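Enquirer: Provided herewith is a single structure, encoded as structure tokens, for subsequent inquiry.
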Amino acid sequence: MKPLAARFYARDTKVVARALVGHILVSDVGGRRTAGRIVETEAYTGPRDPACHAWGGRRTARLEQLYGPPGTAYVYFTYGMHWCLNAVTEAVDYPAAVLIRALEPLEGLAVMRRRRGGVSDRLLCAGPARLCEALGVTGRLDGAVLQRGVLRILDNKARRDRIVVTPRIGVSRAIDWPLRFCAAGSPWLSRPTAAR
DNA sequence: GGTAGGATAAGCT
DNA sequence: GCTTATCCTACCA
């Protein structure tokens, strides 16, 4: 499988978030291969989105990679202990991204289990911070290019998922915006979602 | 089955 | 001081 080209990400963030479901995220962090199929994403659509870190046009050192070119990683630290991975979208200097929220583990399960401290396989990658831990993603990958290097998203031509759309998880603003995209019926989601 | 509270740090008001 | 795009454990039913 080939990586998704940068132009895949240079589109409306909602479109990219929906289109990413079913593609394959691969990590070679630490020289060990782990990979999974993306089954859940959320769109954070830029300065007019109250739940986006760059709401109102905020731009600080921590947010710099959110303003980077489409097809790069924005990795941020939260709650004092967790990393979360986003794929930057749209255009350079426009702060929008897709949060990767859950994977179906495909490769490197033994590595994932070790990194995750022996939780059940169901929970290896079922949440944005969980999948970062399983794949070894940390702030060192903030700004990394997703077409080559240790973190890549590969084009899965065989993907055929029905998509369920719901409000985003864990946000306290714009709580009803339908910007979470899930593979319908997947058992690997961060939380069960009624299929439709 | 469910929910409440704690861990832990950066950034904002 | 308070909030945060979270997760885990403990406790109760």
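Every chain in the structure tokens takes a letter, A first, then B, and so on in the order presented; its residues are numbered from 1, and the ligands are numbered from 1 following the presented order.
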Which neighbours of segment 3-7 of chain C fall inside 7 Å, counting only C-alpha atoms (C1' of nucleotides), when residues of the same chain fewer than 5 positions from it are skipped, and could you give them as a list of chain:residue names?

Expert: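 Result of the neighbour search: A:Thr78, A:Tyr79, A:His82, A:Ala129, A:Gly170, A:Val171.
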
Enquirer: Using only C-alpha atoms (C1' of nucleotides), I'd like every residue of chain A that has an atom within 12 Å of chain B; please write them out as a PyMOL selection string.

Expert: chain A and resi 53+58+60-63+76-82

Enquirer: Selection from above, N, CA and C atoms, as a compact mmCIF listing (two decimals), in the first residue's frame, can you write it?

Expert:
# COMPACT_ATOMS: atom_id res chain seq x y z
N HIS A 53 -8.26 23.69 19.23
CA HIS A 53 -7.23 24.39 20.02
C HIS A 53 -6.95 25.79 19.49
N ARG A 58 -6.00 31.54 17.96
CA ARG A 58 -4.86 31.42 18.88
C ARG A 58 -3.70 30.72 18.19
N THR A 60 0.21 29.66 19.41
CA THR A 60 1.31 29.64 20.37
C THR A 60 2.31 28.59 19.90
N ALA A 61 3.44 28.53 20.61
CA ALA A 61 4.48 27.58 20.23
C ALA A 61 3.95 26.16 20.23
N ARG A 62 3.13 25.84 21.22
CA ARG A 62 2.61 24.48 21.32
C ARG A 62 1.74 24.12 20.13
N LEU A 63 1.05 25.12 19.57
CA LEU A 63 0.11 24.86 18.46
C LEU A 63 0.76 24.93 17.10
N TYR A 76 -0.16 16.43 20.52
CA TYR A 76 -0.19 17.29 21.70
C TYR A 76 -0.33 16.45 22.97
N PHE A 77 0.05 17.07 24.08
CA PHE A 77 0.09 16.44 25.40
C PHE A 77 -1.07 16.99 26.22
N THR A 78 -1.81 16.12 26.91
CA THR A 78 -2.96 16.62 27.67
C THR A 78 -3.17 15.82 28.95
N TYR A 79 -3.89 16.37 29.87
CA TYR A 79 -4.20 15.75 31.16
C TYR A 79 -2.95 15.29 31.88
N GLY A 80 -1.83 15.95 31.61
CA GLY A 80 -0.63 15.67 32.36
C GLY A 80 0.05 14.36 32.05
N MET A 81 -0.54 13.55 31.13
CA MET A 81 0.07 12.25 30.89
C MET A 81 -0.22 11.63 29.54
N HIS A 82 -1.08 12.21 28.74
CA HIS A 82 -1.51 11.55 27.51
C HIS A 82 -1.12 12.32 26.26

Enquirer: Could you go through chain A and tell me which residues DSSP, when run on the backbone, assigns to helix (DSSP H, G or I), listing them as a PyMOL selection string?

Expert: chain A and resi 6-9+13-20+29-31+55-57+61-67+109-115+121-123+128-135+139-141

Enquirer: Contacts of Gly36 of chain A at 12 Å or less, counting only C-alpha atoms (C1' of nucleotides), minus same-chain residues fewer than 4 places along, as a PyMOL selection string?

Expert: chain A and resi 21-27+40+100-109+112+124-126+131-132+134-135+151-154+156+188

Enquirer: In Å, rounded to a single decimal, give me how far atom CA of Lys2 of chain A is from atom CA of Val145 of chain A.

Expert: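 A separation of 14.2 Å between them.
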